[in-house]
$ cat upload-v8.cif   # mmCIF, C-alpha atoms and all ligand atoms
data_start
#
loop_
_atom_site.label_atom_id
_atom_site.label_comp_id
_atom_site.auth_asym_id
_atom_site.auth_seq_id
_atom_site.Cartn_x
_atom_site.Cartn_y
_atom_site.Cartn_z
CA MET V 119 261.80 57.16 280.14
CA SER V 120 258.83 56.35 282.37
CA ALA V 121 255.30 57.40 281.41
CA ALA V 122 255.31 59.96 284.22
CA ALA V 123 258.72 61.33 283.26
CA LYS V 124 257.38 62.03 279.76
CA VAL V 125 254.43 63.99 281.11
CA ILE V 126 255.46 65.70 284.35
CA ARG V 127 257.11 69.09 283.81
CA PRO V 128 260.90 68.87 284.25
CA GLU V 129 260.89 71.66 286.85
CA ILE V 130 258.34 69.70 288.92
CA GLN V 131 260.45 66.56 288.58
CA ALA V 132 263.47 68.52 289.79
CA MET V 133 261.80 70.05 292.86
CA HIS V 134 261.19 68.64 296.33
CA ALA V 135 257.76 68.61 297.96
CA TYR V 136 257.41 70.94 300.96
CA PRO V 137 259.18 69.02 303.74
CA VAL V 138 257.15 68.06 306.82
CA ALA V 139 258.94 65.79 309.31
CA ASP V 140 257.31 62.96 311.25
CA ALA V 141 256.81 64.27 314.79
CA THR V 142 255.44 61.13 316.41
CA GLY V 143 256.48 61.03 320.07
CA LEU V 144 258.57 64.19 319.82
CA VAL V 145 258.33 67.62 321.44
CA LYS V 146 257.00 69.41 318.38
CA LEU V 147 258.76 72.72 317.85
CA ASP V 148 259.02 72.65 314.05
CA LEU V 149 255.98 74.39 312.55
CA MET V 150 255.10 77.36 314.79
CA GLU V 151 251.83 75.86 315.94
CA SER V 152 250.25 76.98 319.18
CA PRO V 153 251.40 74.49 321.83
CA TYR V 154 248.03 74.76 323.59
CA GLY V 155 244.89 72.72 322.95
CA LEU V 156 241.36 73.88 323.72
CA PRO V 157 240.08 74.20 327.28
CA PRO V 158 237.61 71.33 327.97
CA GLU V 159 234.43 73.51 327.93
CA LEU V 160 235.32 74.94 324.54
CA ALA V 161 236.27 71.51 323.19
CA ALA V 162 232.86 70.23 324.34
CA GLU V 163 231.12 73.14 322.60
CA VAL V 164 233.02 72.32 319.39
CA GLY V 165 231.86 68.70 319.74
CA GLN V 166 228.25 69.85 320.02
CA VAL V 167 228.57 72.09 317.00
CA VAL V 168 230.19 69.37 314.90
CA SER V 169 227.55 66.80 315.85
CA LYS V 170 224.85 69.00 314.32
CA LEU V 171 226.49 69.55 310.94
CA SER V 172 225.06 68.20 307.71
CA LEU V 173 228.12 66.43 306.38
CA ASN V 174 226.07 65.13 303.43
CA ARG V 175 225.77 68.69 302.08
CA TYR V 176 228.35 70.80 300.31
CA PRO V 177 229.51 73.87 302.20
CA VAL V 178 227.98 77.27 301.42
CA PRO V 179 230.62 78.49 298.94
CA THR V 180 230.58 82.09 300.13
CA ALA V 181 230.99 81.19 303.85
CA LEU V 182 229.13 84.41 304.57
CA ARG V 183 228.82 84.25 308.34
CA LEU V 184 232.47 83.19 308.83
CA ARG V 185 233.68 86.02 306.62
CA ALA V 186 231.48 88.48 308.53
CA LEU V 187 232.92 87.26 311.83
CA ILE V 188 236.49 87.52 310.52
CA ARG V 189 235.81 91.10 309.42
CA GLU V 190 234.58 91.90 312.89
CA VAL V 191 237.14 90.17 315.10
CA MET V 192 240.15 90.87 312.88
CA GLN V 193 239.11 94.49 312.29
CA VAL V 194 239.03 94.36 308.52
CA PRO V 195 238.31 97.92 307.37
CA ALA V 196 234.90 98.75 305.90
CA GLY V 197 234.89 98.58 302.11
CA CYS V 198 237.35 95.69 302.05
CA ASP V 199 236.48 92.11 301.25
CA VAL V 200 237.87 88.78 302.50
CA LEU V 201 239.12 85.76 300.53
CA LEU V 202 239.15 82.47 302.45
CA GLY V 203 241.70 79.80 301.74
CA ASN V 204 242.36 76.26 302.93
CA GLY V 205 245.24 77.68 304.92
CA SER V 206 246.89 80.88 303.75
CA ASP V 207 248.97 78.52 301.59
CA GLU V 208 245.93 78.28 299.37
CA CYS V 209 245.46 82.06 299.34
CA ILE V 210 249.02 82.27 298.01
CA GLN V 211 248.01 79.86 295.25
CA TYR V 212 244.91 81.87 294.28
CA ILE V 213 246.70 85.21 294.33
CA THR V 214 249.53 83.84 292.21
CA ALA V 215 247.08 82.24 289.78
CA SER V 216 245.22 85.54 289.38
CA ALA V 217 248.41 87.43 288.59
CA ALA V 218 249.97 84.78 286.33
CA ARG V 219 250.16 86.75 283.11
CA GLU V 220 252.64 85.50 280.56
CA GLY V 221 256.12 86.65 281.63
CA ALA V 222 255.03 88.17 284.95
CA VAL V 223 257.61 88.34 287.75
CA VAL V 224 257.04 87.46 291.42
CA MET V 225 259.39 89.03 293.98
CA ALA V 226 260.09 88.56 297.67
CA PRO V 227 262.95 89.05 300.10
CA ALA V 228 265.14 85.96 300.44
CA PRO V 229 265.11 83.94 302.58
CA SER V 230 261.40 84.03 303.18
CA PHE V 231 258.44 81.65 303.13
CA ALA V 232 259.02 78.88 300.59
CA MET V 233 255.49 78.82 299.18
CA PHE V 234 255.92 82.25 297.56
CA SER V 235 258.48 80.87 295.11
CA MET V 236 256.87 77.43 294.86
CA HIS V 237 253.57 78.82 293.58
CA ALA V 238 255.45 81.09 291.17
CA LEU V 239 257.04 77.94 289.78
CA PHE V 240 253.69 76.12 289.58
CA TYR V 241 252.23 78.98 287.53
CA ARG V 242 255.31 79.37 285.32
CA LEU V 243 256.25 82.77 286.68
CA ARG V 244 259.79 83.95 287.19
CA PHE V 245 260.62 84.30 290.88
CA VAL V 246 263.17 86.90 291.95
CA GLY V 247 264.39 86.61 295.55
CA VAL V 248 266.12 89.77 296.75
CA PRO V 249 268.75 88.79 299.34
CA LEU V 250 268.39 90.11 302.86
CA ARG V 251 271.57 91.42 304.48
CA GLU V 252 273.71 89.01 306.44
CA ASP V 253 271.87 89.88 309.66
CA PHE V 254 268.56 89.29 307.79
CA SER V 255 267.61 92.97 307.78
CA LEU V 256 265.96 94.28 304.64
CA ASP V 257 268.18 96.09 302.15
CA THR V 258 265.40 98.41 301.06
CA ASP V 259 267.45 100.25 298.44
CA ALA V 260 268.39 96.93 296.85
CA PHE V 261 264.76 95.84 296.96
CA LEU V 262 263.58 99.07 295.31
CA ALA V 263 266.28 98.75 292.66
CA ALA V 264 265.24 95.15 291.97
CA MET V 265 261.61 96.24 291.65
CA ALA V 266 262.57 99.03 289.24
CA LYS V 267 264.51 96.54 287.11
CA GLU V 268 262.16 93.55 287.19
CA GLN V 269 258.78 95.32 287.42
CA PRO V 270 257.20 92.53 289.49
CA ALA V 271 253.45 91.98 289.11
CA LEU V 272 253.41 90.52 292.59
CA VAL V 273 255.54 91.24 295.67
CA TRP V 274 255.33 89.10 298.82
CA ILE V 275 256.52 90.41 302.14
CA ALA V 276 256.10 88.27 305.22
CA TYR V 277 255.63 90.71 308.11
CA PRO V 278 257.19 89.39 310.38
CA ASN V 279 259.38 87.29 308.12
CA ASN V 280 259.63 83.50 308.24
CA PRO V 281 262.13 81.91 308.87
CA THR V 282 264.11 84.87 310.21
CA GLY V 283 261.57 86.14 312.78
CA ASN V 284 262.18 89.88 312.30
CA ALA V 285 259.67 92.44 311.05
CA PHE V 286 261.00 94.92 308.51
CA PRO V 287 260.60 98.62 309.44
CA VAL V 288 257.22 100.18 308.65
CA ALA V 289 258.86 103.05 306.74
CA ASP V 290 260.65 100.56 304.44
CA ILE V 291 257.43 98.70 303.70
CA GLU V 292 255.75 102.02 302.94
CA ARG V 293 258.51 102.82 300.45
CA ILE V 294 257.99 99.46 298.77
CA LEU V 295 254.22 99.97 298.65
CA ARG V 296 254.65 103.39 297.03
CA ALA V 297 257.18 102.22 294.48
CA ALA V 298 255.72 98.82 293.54
CA PRO V 299 254.39 98.66 289.99
CA GLY V 300 251.94 95.88 290.91
CA LEU V 301 250.36 94.16 293.89
CA VAL V 302 252.10 93.92 297.28
CA VAL V 303 250.81 91.22 299.63
CA LEU V 304 251.83 91.59 303.25
CA ASP V 305 251.70 88.14 304.78
CA GLU V 306 250.90 88.76 308.44
CA ALA V 307 250.89 85.12 309.58
CA TYR V 308 252.87 86.04 312.72
CA GLN V 309 251.09 89.33 313.43
CA PRO V 310 249.48 88.03 316.67
CA PHE V 311 252.96 87.87 318.24
CA ALA V 312 254.35 91.06 316.73
CA GLY V 313 251.51 93.53 317.07
CA GLY V 314 252.17 95.75 314.06
CA THR V 315 249.78 95.46 311.13
CA PHE V 316 248.92 97.14 307.86
CA MET V 317 245.30 95.98 308.07
CA PRO V 318 243.94 99.45 309.05
CA ARG V 319 245.87 101.00 306.16
CA LEU V 320 244.25 99.01 303.35
CA ALA V 321 242.32 102.06 302.14
CA GLU V 322 245.53 104.09 301.90
CA PHE V 323 247.28 101.82 299.39
CA GLU V 324 245.43 100.71 296.29
CA ASN V 325 248.00 97.99 295.64
CA LEU V 326 247.98 96.40 299.11
CA VAL V 327 246.46 93.08 300.21
CA VAL V 328 246.91 91.83 303.78
CA MET V 329 247.00 88.07 304.32
CA ARG V 330 246.59 86.30 307.65
CA THR V 331 246.05 82.80 309.02
CA VAL V 332 244.50 81.26 312.12
CA SER V 333 247.15 78.52 312.08
CA LYS V 334 249.48 80.19 314.56
CA ILE V 335 246.78 81.06 317.11
CA GLY V 336 245.61 77.54 317.83
CA MET V 337 243.84 76.33 314.69
CA ALA V 338 246.58 74.93 312.42
CA GLY V 339 244.64 71.69 312.04
CA LEU V 340 241.58 73.46 310.64
CA ARG V 341 243.39 74.93 307.65
CA LEU V 342 242.01 78.44 307.35
CA GLY V 343 243.73 81.51 305.99
CA TYR V 344 242.37 84.76 304.63
CA ALA V 345 243.37 87.68 302.48
CA CYS V 346 241.82 91.14 302.86
CA GLY V 347 241.73 93.97 300.36
CA ARG V 348 239.66 96.03 297.99
CA PRO V 349 236.88 94.12 296.21
CA GLU V 350 238.67 94.60 292.87
CA TRP V 351 241.43 92.29 294.15
CA ILE V 352 239.34 89.88 296.21
CA ASP V 353 236.70 89.40 293.47
CA ALA V 354 239.46 88.41 291.05
CA PHE V 355 241.11 85.98 293.50
CA ASN V 356 237.71 84.42 294.18
CA LYS V 357 237.33 83.51 290.51
CA THR V 358 240.32 81.17 290.81
CA ARG V 359 239.10 79.60 294.06
CA SER V 360 237.79 76.06 294.08
CA PRO V 361 234.16 76.68 295.04
CA PHE V 362 233.93 74.53 298.18
CA ASN V 363 237.47 75.06 299.47
CA ILE V 364 236.38 75.74 303.06
CA ASN V 365 234.79 72.52 304.29
CA VAL V 366 231.83 72.47 306.67
CA LEU V 367 233.93 71.31 309.62
CA THR V 368 236.45 74.11 309.20
CA GLU V 369 233.71 76.70 308.71
CA ALA V 370 231.75 75.68 311.79
CA VAL V 371 234.68 75.09 314.12
CA ALA V 372 236.49 78.28 313.10
CA PHE V 373 233.23 80.19 313.58
CA THR V 374 232.84 78.75 317.09
CA LEU V 375 236.44 79.38 318.08
CA LEU V 376 236.60 82.91 316.69
CA GLN V 377 233.51 83.72 318.74
CA ASN V 378 235.72 82.74 321.68
CA LYS V 379 238.79 84.52 320.39
CA LYS V 380 239.61 85.75 323.89
CA VAL V 381 240.68 82.19 324.79
CA LEU V 382 243.00 82.04 321.77
CA ASP V 383 244.36 85.52 322.49
CA GLU V 384 245.23 84.47 326.03
CA GLN V 385 247.11 81.47 324.67
CA SER V 386 249.02 83.67 322.21
CA ALA V 387 249.89 86.03 325.08
CA ARG V 388 251.35 83.08 326.97
CA VAL V 389 253.45 82.12 323.95
CA LEU V 390 254.66 85.70 323.68
CA ALA V 391 255.62 85.79 327.36
CA GLU V 392 257.47 82.50 326.88
CA ARG V 393 259.38 83.98 323.94
CA GLU V 394 260.65 86.78 326.16
CA ARG V 395 261.51 84.36 328.97
CA LEU V 396 263.29 82.02 326.55
CA ARG V 397 265.30 84.64 324.69
CA PRO V 398 268.03 85.28 327.30
CA LEU V 399 268.28 81.55 328.05
CA LEU V 400 269.00 80.80 324.41
CA GLU V 401 271.22 83.85 323.96
CA ARG V 402 273.36 82.61 326.81
CA LEU V 403 274.09 79.28 325.12
CA PRO V 404 277.60 79.17 323.72
CA GLY V 405 277.86 77.99 320.12
CA ILE V 406 274.81 79.62 318.56
CA THR V 407 273.83 83.04 317.27
CA LEU V 408 270.23 83.86 318.09
CA TYR V 409 268.51 86.29 315.71
CA PRO V 410 266.04 88.91 316.99
CA SER V 411 262.45 87.70 316.71
CA VAL V 412 259.03 89.26 317.13
CA ALA V 413 257.30 86.04 316.06
CA ASN V 414 256.49 82.76 317.88
CA PHE V 415 259.84 81.22 316.96
CA PHE V 416 263.55 81.95 316.96
CA LEU V 417 266.07 81.40 314.21
CA ALA V 418 269.44 80.24 315.53
CA ARG V 419 272.68 79.67 313.66
CA VAL V 420 274.96 76.97 314.99
CA HIS V 421 278.63 77.95 314.93
CA GLY V 422 281.09 75.62 313.25
CA PRO V 423 281.84 74.06 309.88
CA ALA V 424 279.20 73.15 307.29
CA GLY V 425 276.88 70.50 308.64
CA SER V 426 277.08 71.67 312.27
CA GLY V 427 273.41 72.71 312.15
CA THR V 428 272.35 69.29 310.93
CA ARG V 429 274.45 67.62 313.60
CA VAL V 430 272.68 69.61 316.33
CA PHE V 431 269.27 69.04 314.68
CA GLU V 432 269.87 65.27 314.75
CA ALA V 433 271.12 65.39 318.34
CA LEU V 434 267.93 67.25 319.38
CA ARG V 435 265.75 64.75 317.56
CA ALA V 436 267.56 61.83 319.18
CA GLN V 437 266.71 63.43 322.53
CA GLY V 438 263.04 63.79 321.58
CA VAL V 439 262.87 67.41 320.30
CA LEU V 440 261.86 68.24 316.74
CA VAL V 441 262.85 71.66 315.36
CA ARG V 442 263.13 72.79 311.75
CA ASN V 443 266.47 72.32 310.06
CA PHE V 444 267.45 74.77 307.30
CA ASP V 445 271.05 73.58 307.10
CA GLY V 446 271.71 72.20 303.63
CA GLY V 447 269.06 74.49 302.13
CA PRO V 448 269.70 78.04 300.86
CA PRO V 449 273.29 79.13 301.66
CA ALA V 450 272.03 82.15 303.64
CA LEU V 451 270.55 79.68 306.13
CA ALA V 452 273.59 77.40 306.44
CA ASN V 453 273.69 75.83 309.92
CA CYS V 454 270.36 77.49 310.82
CA LEU V 455 267.66 75.91 312.95
CA ARG V 456 264.21 77.34 313.61
CA LEU V 457 262.87 76.83 317.10
CA SER V 458 259.13 77.28 317.64
CA ILE V 459 258.06 78.50 321.08
CA GLY V 460 256.35 75.74 323.06
CA THR V 461 254.86 75.44 326.53
CA PRO V 462 257.12 76.37 329.47
CA GLU V 463 257.86 72.66 329.99
CA GLU V 464 258.65 72.08 326.30
CA ASN V 465 260.91 75.11 326.30
CA ARG V 466 262.69 73.88 329.41
CA ILE V 467 263.38 70.60 327.62
CA LEU V 468 264.55 72.48 324.51
CA VAL V 469 267.07 74.56 326.44
CA ALA V 470 268.37 71.52 328.35
CA VAL V 471 268.73 69.36 325.25
CA LEU V 472 270.16 72.14 323.11
CA SER V 473 272.82 73.08 325.65
CA GLU V 474 273.88 69.40 325.76
CA ALA V 475 273.94 69.16 321.94
CA LEU V 476 276.12 72.25 321.68
CA LYS V 477 278.80 70.90 324.02
N1 LIG V 501 252.83 82.53 305.48
C1 LIG V 501 253.89 82.37 306.27
C2 LIG V 501 254.88 83.48 306.38
C3 LIG V 501 254.07 81.17 306.96
O1 LIG V 501 255.16 81.01 307.71
C4 LIG V 501 253.12 80.14 306.83
C5 LIG V 501 253.22 78.82 307.54
N2 LIG V 501 254.42 78.39 307.92
C6 LIG V 501 252.04 80.36 305.99
C7 LIG V 501 251.91 81.57 305.34
C8 LIG V 501 251.01 79.30 305.73
O2 LIG V 501 250.21 79.08 306.81
P1 LIG V 501 248.83 78.31 306.70
O3 LIG V 501 248.73 77.68 305.34
O4 LIG V 501 248.86 77.33 307.79
O5 LIG V 501 247.77 79.36 306.87
#

$ encode --input "upload-v8.cif" --output "structure tokens" --more "lines below"
Ligand code: PMP
Amino acid sequence: MSAAAKVIRPEIQAMHAYPVADATGLVKLDLMESPYGLPPELAAEVGQVVSKLSLNRYPVPTALRLRALIREVMQVPAGCDVLLGNGSDECIQYITASAAREGAVVMAPAPSFAMFSMHALFYRLRFVGVPLREDFSLDTDAFLAAMAKEQPALVWIAYPNNPTGNAFPVADIERILRAAPGLVVLDEAYQPFAGGTFMPRLAEFENLVVMRTVSKIGMAGLRLGYACGRPEWIDAFNKTRSPFNINVLTEAVAFTLLQNKKVLDEQSARVLAERERLRPLLERLPGITLYPSVANFFLARVHGPAGSGTRVFEALRAQGVLVRNFDGGPPALANCLRLSIGTPEENRILVAVLSEALK
């Protein structure tokens, strides 16, 4: 047995790291990034801002002015506080760490975002995934029954859900919030494309935290996510935070860009319009089932025997288009591919290449 094998926890040895494919030279439709860069004037302003930073100094750990700006532009209700993470991935880590009592259970619909269960594993918590129905709608009665049985300390609901793209009905989420014995985090990563939000309702539910990210609205490279809720939650999460987690570049650039949020909002509106334009074109393709989406991506299931999804994924990649392949992962996602919305030109290429691959 190697030295590492003696030390590393068996469950860590058994797992795979979060997969991120090499996208060099490919049309990149795998990670739901914004396909748009910054307009030149704004890029120049960012350059100016960055040139004036003191990179020799640690960041201000509280990131006060960035948090104040987030409160303002994201309409965080008065009385609520904001946790900043190096991506919302890191918020998931801090929230899980804070709730990681001995024997605590973490629950989420399945399939959903992989990091919910991964962090549960890292903190030795039992993860219970409650299966969605075959059409990926939420079986709310089953979810409530699972909560009653397992008494989860922490429930994650991605609203809209990744990788399925649908948003569960508001009334069902309200039922879950009322019945949950612990904390419910609504992960609103895709909210900019869906509209609906529980942010204004934070005061109504003592057990609600709303998590967001700037990754999908043009700042994935910065790594900035945030979680909003009552100070009793946010203060606790902050205790687990590494003190300088938001670096000076991220703080300053995010501050500059959020002051110009109108530019980012216009880009998101273009992505949304592209989603609506793309939908019928994809629906028309023979050989796939396209699932309803209110996010900046579509989930599609390739018809055919096991492995058909992977075959189409490889054919797309060979033609220069990278999407996300879920085939070979959880059985509920057999033959499924996730297609991020790109620019009109990227989407044109996607449709052309996909229709060829499906022949
Ligand atoms: N939540 C959901 C539902 C996601 O899909 C993602 C990214 N794929 C994240 C959180 C993490 O985003 P980030 O770390 O870039 O903020």

$ atom_distance --input "upload-v8.cif" --atom1 "atom CA of V:Ile130" --atom2 "atom CA of V:Glu220"
18.8 Å

$ closest_residue --input "upload-v8.cif" --among "V:Val439, V:Val125, V:Leu171, V:Leu320" --to "V:Asp199" --atoms "all atoms listed in the file"
V:Leu320

$ atom_distance --input "upload-v8.cif" --atom1 "atom CA of V:Arg397" --atom2 "atom CA of V:Asn280"
17.4 Å

$ atom_distance --input "upload-v8.cif" --atom1 "atom CA of V:Ser360" --atom2 "atom CA of V:Pro177"
11.8 Å

$ residues_near_ligand --input "upload-v8.cif" --ligand "ligand LIG 501 (chain V)" --cutoff "6 Å" --atoms "only C-alpha atoms and all ligand atoms" --output "JSON, numbers by chain"
{"V": [205, 206, 207, 231, 276, 280, 305, 307, 331, 333, 338, 341, 342, 343]}

$ closest_residue --input "upload-v8.cif" --among "V:Ser255, V:Ser458, V:Gln385, V:Thr358" --to "V:Gly203" --atoms "only C-alpha atoms"
V:Thr358

$ closest_residue --input "upload-v8.cif" --among "V:Val145, V:Leu182, V:Ala345, V:Ala122" --to "V:Cys198" --atoms "all atoms listed in the file"
V:Ala345

$ closest_residue --input "upload-v8.cif" --among "V:Arg244, V:Arg183, V:Lys124, V:Arg442" --to "V:Val273" --atoms "all atoms listed in the file"
V:Arg244

$ closest_residue --input "upload-v8.cif" --among "V:Thr407, V:Thr180, V:Gln269, V:Asn356" --to "V:His421" --atoms "all atoms listed in the file"
V:Thr407

$ closest_residue --input "upload-v8.cif" --among "V:Phe286, V:Phe316, V:Tyr308, V:Phe254" --to "V:Lys334" --atoms "all atoms listed in the file"
V:Tyr308

$ residues_around --input "upload-v8.cif" --residues "V:Ser473" --least-positions-apart "2" --cutoff "10 Å" --atoms "only C-alpha atoms" --output "PyMOL selection string"
chain V and resi 399-400+402-406+430+434+467-471+475-477

$ residues_around --input "upload-v8.cif" --residues "V:Ala264" --least-positions-apart "2" --cutoff "12 Å" --atoms "only C-alpha atoms" --output "list of chain:residue names"
V:Val223, V:Val224, V:Met225, V:Ala226, V:Pro227, V:Phe245, V:Val246, V:Gly247, V:Val248, V:Pro249, V:Asp257, V:Thr258, V:Asp259, V:Ala260, V:Phe261, V:Leu262, V:Ala266, V:Lys267, V:Glu268, V:Gln269, V:Pro270, V:Val273, V:Ile294, V:Ala297, V:Ala298, V:Pro299

$ residues_around --input "upload-v8.cif" --residues "V:Pro349" --least-positions-apart "4" --cutoff "12 Å" --atoms "all atoms listed in the file" --output "PDB file with C-alpha atoms, keeping the file's coordinate frame"
ATOM      1  CA  PRO V 195     238.310  97.920 307.370  1.00  0.00           C
ATOM      2  CA  ALA V 196     234.900  98.750 305.900  1.00  0.00           C
ATOM      3  CA  GLY V 197     234.890  98.580 302.110  1.00  0.00           C
ATOM      4  CA  CYS V 198     237.350  95.690 302.050  1.00  0.00           C
ATOM      5  CA  ASP V 199     236.480  92.110 301.250  1.00  0.00           C
ATOM      6  CA  VAL V 200     237.870  88.780 302.500  1.00  0.00           C
ATOM      7  CA  LEU V 201     239.120  85.760 300.530  1.00  0.00           C
ATOM      8  CA  LEU V 320     244.250  99.010 303.350  1.00  0.00           C
ATOM      9  CA  ALA V 321     242.320 102.060 302.140  1.00  0.00           C
ATOM     10  CA  GLU V 324     245.430 100.710 296.290  1.00  0.00           C
ATOM     11  CA  ASN V 325     248.000  97.990 295.640  1.00  0.00           C
ATOM     12  CA  LEU V 326     247.980  96.400 299.110  1.00  0.00           C
ATOM     13  CA  VAL V 327     246.460  93.080 300.210  1.00  0.00           C
ATOM     14  CA  ALA V 345     243.370  87.680 302.480  1.00  0.00           C
ATOM     15  CA  ASP V 353     236.700  89.400 293.470  1.00  0.00           C
ATOM     16  CA  ALA V 354     239.460  88.410 291.050  1.00  0.00           C
ATOM     17  CA  PHE V 355     241.110  85.980 293.500  1.00  0.00           C
ATOM     18  CA  ASN V 356     237.710  84.420 294.180  1.00  0.00           C
TER      19      ASN V 356
END

$ residues_around --input "upload-v8.cif" --residues "V:Gly438" --least-positions-apart "5" --cutoff "12 Å" --atoms "all atoms listed in the file" --output "MDAnalysis selection string"
chainID V and resid 140:147 431:433 464 467:468 470:472
